[in-house]
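*Asks:* This is the structure I want to talk about, given as structure tokens.
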Amino acid sequence: MTLSITSTTAKQPLIDPQPNFKLKDIIKTLPKQVFLKNPRKAWQQVILSVAMVGLGYFGLAISPWYLLPIIWIFTGTALTGFFVIGHDAAHHSFSNSRRVNDIVGHILMLPLLYPFHGWRILHNHHHKHTNKLSVDNAWQPWKPEDYNNAGWLMQLVYRAMRGRLWWLASIVHWAGLHFQWNRFAGKQREQVKFSALLVIIGGGIGLTLLTLTTGWWGLVKFWLIPWLIYHFWMSTFTLVHHTAVDVQFQPASEWNEATAQLAGTIHCDYPWWVEILCHDINVHVPHHISTAIPAYNLRAAHEIIQANWGKYVKERQFNWGLLLEITDNCHLYDPENCYQTFDDFHS
């Protein structure tokens, strides 16, 4: 049975929505060791991801057709590890060198056709305004009045992305936001333009050569399906990170940085092989406390946060029931009634 949330649901407040502590107070409880970059561990993650992606493509090349679904899932998940390393590079938690971070980020995100700088800039906006209503740009729920004022086509797309087609949402986000360098200004515009053109030209050449050498089935087999698996995880991770019936979005006038990052971010345990291939990206609370914590230190930081701030920490176990609860109930949002389903809105 899934939980039903209606428009008359009482508002579920965060614990101490205006607490007597600040984000810096949480950071002070973390030892310096969790912030230290370890080049050996960082490059071990790169080697692991490259090896696993290579193993996946080798499996796709030699396996019979009936094993392809398993290998597609493995390869797409391993490709998600590329993104996680690029994610650290975007936060400058991969290396102390900005140049190294930029190079690693561009190289590892290129096979995913993801423009590094465009994503980096928009993602940092998400961290600065996490769960701030109408400001956050990562899986921001629409308010009922915004949904009501949207055209029927946009309503249809939004219903699909917040419902059973949630796994396609990151493709819409990728295509709609990260190639439009004219939305940026100054140095940022040039950076976003460089990353976007690198993906357009590099990806165009790569996909053309793949099609010429392996045919249309090769394009589907070696690129499209692993890429869709990767976007399944991107959509799922991002959705689960900040969406639950007991997680609030606050208007800017009421938003508090400490509770938004600590109690508005969800730790979710996934199957062990997903955690390994994706470098613990779902140990997500410490990452929102400080983006300076490298991926390989997230678990140690989480244990300390849990010990000191456990009453604020929300933890989940990944399963289909969790996804159904979110996609059945977390549709429209207003500060007074929290989440409202589409059915409740239309009734």
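If you're wondering about the labels, chains in the structure tokens are A, B, ... by order shown, residues count from 1 in each chain, ligands from 1 in order shown.
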Would you mind writing down, as a PyMOL selection string, each residue of stretch 25-222 of chain A that DSSP on the backbone assigns to helix (DSSP H, G or I)?

*Replies:* chain A and resi 25-28+32-35+39-62+65-90+98-112+116-128+144-149+152-161+166-177+181-183+186-222

*Asks:* According to DSSP computed on the backbone, where in stretch 147-338 of chain A is there strand (DSSP E)? Give the residues as a list in words.

*Replies:*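 So the strand (DSSP E) residues in stretch 147-338 of chain A would be Ile266, His267, Cys268, Asp269, Lys314, Glu315, Arg316, Gln317, Leu332, Tyr333, Asp334 and Cys338 of chain A.
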
*Asks:* Write out as a tab-separated table a residue-level contact list of stretch 140-246 of chain A versus stretch 54-62 of chain A with cut-off 10 Å: for each qualifying residue the closest pair of atoms and the distance in Å to one decimal, counting only C-alpha atoms, rows sorted by chain and residue number upward.

*Replies:*
```
residue	atom	partner	partner_atom	distance
A:Gly218	CA	A:Ala61	CA	9.5
A:Lys221	CA	A:Leu60	CA	7.5
A:Phe222	CA	A:Tyr57	CA	7.0
A:Trp223	CA	A:Tyr57	CA	9.6
A:Pro226	CA	A:Tyr57	CA	9.5
```

*Asks:* Please identify all polymer residues within 8 Å of A:Val285, counting only C-alpha atoms, omitting same-chain residues fewer than 6 positions from it, and present them as an mmCIF file with C-alpha atoms, in the first residue's frame.

*Replies:*
```
data_model
loop_
_atom_site.group_PDB
_atom_site.id
_atom_site.type_symbol
_atom_site.label_atom_id
_atom_site.label_comp_id
_atom_site.auth_asym_id
_atom_site.auth_seq_id
_atom_site.Cartn_x
_atom_site.Cartn_y
_atom_site.Cartn_z
ATOM 1 C CA GLN A 261 20.962 21.062 3.658
ATOM 2 C CA LEU A 262 20.722 18.770 6.692
ATOM 3 C CA THR A 265 18.652 16.032 1.877
ATOM 4 C CA ILE A 266 18.057 12.278 1.974
ATOM 5 C CA HIS A 267 20.530 9.461 2.526
ATOM 6 C CA HIS A 302 28.023 10.634 7.322
ATOM 7 C CA VAL A 313 18.974 13.024 9.151
#
```

*Asks:* For stretch 110-121 of chain A, work out the shell of residues within 10 Å, counting only C-alpha atoms and skipping chain neighbours fewer than 5 positions away, then give it as a PyMOL selection string.

*Replies:* chain A and resi 76+79-80+82-83+86-91+102-105+126+173-175+177-181+184+188-200+202-204+206-207+223+226-227+230-231

*Asks:* I need the residues from that last selection saved to file as an mmCIF file, in the first residue's frame (with C-alpha atoms), if you can.

*Replies:*
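again.cif written:
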```cif
data_model
loop_
_atom_site.group_PDB
_atom_site.id
_atom_site.type_symbol
_atom_site.label_atom_id
_atom_site.label_comp_id
_atom_site.auth_asym_id
_atom_site.auth_seq_id
_atom_site.Cartn_x
_atom_site.Cartn_y
_atom_site.Cartn_z
ATOM 1 C CA GLY A 76 25.000 2.122 -17.851
ATOM 2 C CA LEU A 79 29.002 5.049 -16.900
ATOM 3 C CA THR A 80 27.218 6.809 -14.035
ATOM 4 C CA PHE A 82 32.068 8.710 -14.821
ATOM 5 C CA PHE A 83 29.529 11.383 -13.965
ATOM 6 C CA GLY A 86 33.060 14.629 -12.973
ATOM 7 C CA HIS A 87 30.727 15.793 -10.212
ATOM 8 C CA ASP A 88 33.641 15.861 -7.746
ATOM 9 C CA ALA A 89 35.744 17.678 -10.336
ATOM 10 C CA ALA A 90 33.000 20.302 -10.716
ATOM 11 C CA HIS A 91 33.145 20.949 -6.964
ATOM 12 C CA ASP A 102 38.341 20.845 -15.599
ATOM 13 C CA ILE A 103 40.220 18.333 -17.754
ATOM 14 C CA VAL A 104 38.979 15.309 -15.819
ATOM 15 C CA GLY A 105 35.437 16.659 -15.781
ATOM 16 C CA HIS A 126 21.278 24.025 -6.633
ATOM 17 C CA HIS A 173 17.022 18.625 -17.942
ATOM 18 C CA TRP A 174 20.185 17.796 -19.940
ATOM 19 C CA ALA A 175 18.785 18.894 -23.303
ATOM 20 C CA LEU A 177 19.466 23.697 -19.899
ATOM 21 C CA HIS A 178 23.088 22.854 -20.592
ATOM 22 C CA PHE A 179 23.575 23.843 -24.222
ATOM 23 C CA GLN A 180 22.150 27.369 -24.056
ATOM 24 C CA TRP A 181 25.263 29.441 -23.493
ATOM 25 C CA PHE A 184 25.041 33.011 -19.259
ATOM 26 C CA GLN A 188 30.708 31.775 -17.743
ATOM 27 C CA ARG A 189 29.226 32.141 -21.228
ATOM 28 C CA GLU A 190 32.547 31.287 -22.838
ATOM 29 C CA GLN A 191 33.024 28.302 -20.541
ATOM 30 C CA VAL A 192 29.539 26.944 -21.189
ATOM 31 C CA LYS A 193 29.941 27.498 -24.936
ATOM 32 C CA PHE A 194 33.249 25.599 -24.955
ATOM 33 C CA SER A 195 31.770 22.624 -23.087
ATOM 34 C CA ALA A 196 28.639 22.547 -25.244
ATOM 35 C CA LEU A 197 30.575 22.709 -28.534
ATOM 36 C CA LEU A 198 32.961 20.026 -27.302
ATOM 37 C CA VAL A 199 29.998 17.719 -26.716
ATOM 38 C CA ILE A 200 28.256 18.638 -29.977
ATOM 39 C CA GLY A 202 32.987 15.328 -30.207
ATOM 40 C CA GLY A 203 29.733 13.476 -29.702
ATOM 41 C CA GLY A 204 28.720 13.993 -33.315
ATOM 42 C CA GLY A 206 31.920 9.638 -32.132
ATOM 43 C CA LEU A 207 28.331 8.628 -32.817
ATOM 44 C CA TRP A 223 25.430 3.810 -26.981
ATOM 45 C CA PRO A 226 23.649 2.232 -21.842
ATOM 46 C CA TRP A 227 23.042 5.987 -22.082
ATOM 47 C CA TYR A 230 22.770 6.107 -17.092
ATOM 48 C CA HIS A 231 19.912 8.635 -17.267
#
```

*Asks:* With only C-alpha atoms as the counted atoms, please give the residues lying no more than 10 Å from stretch 286-290 of chain A, apart from itself and same-chain residues fewer than 4 positions off, as a PyMOL selection string.

*Replies:* chain A and resi 23-24+26-27+30+34-35+88+91+126-128+130+257-258+260-262+264-267+281-282+294-295+297-306
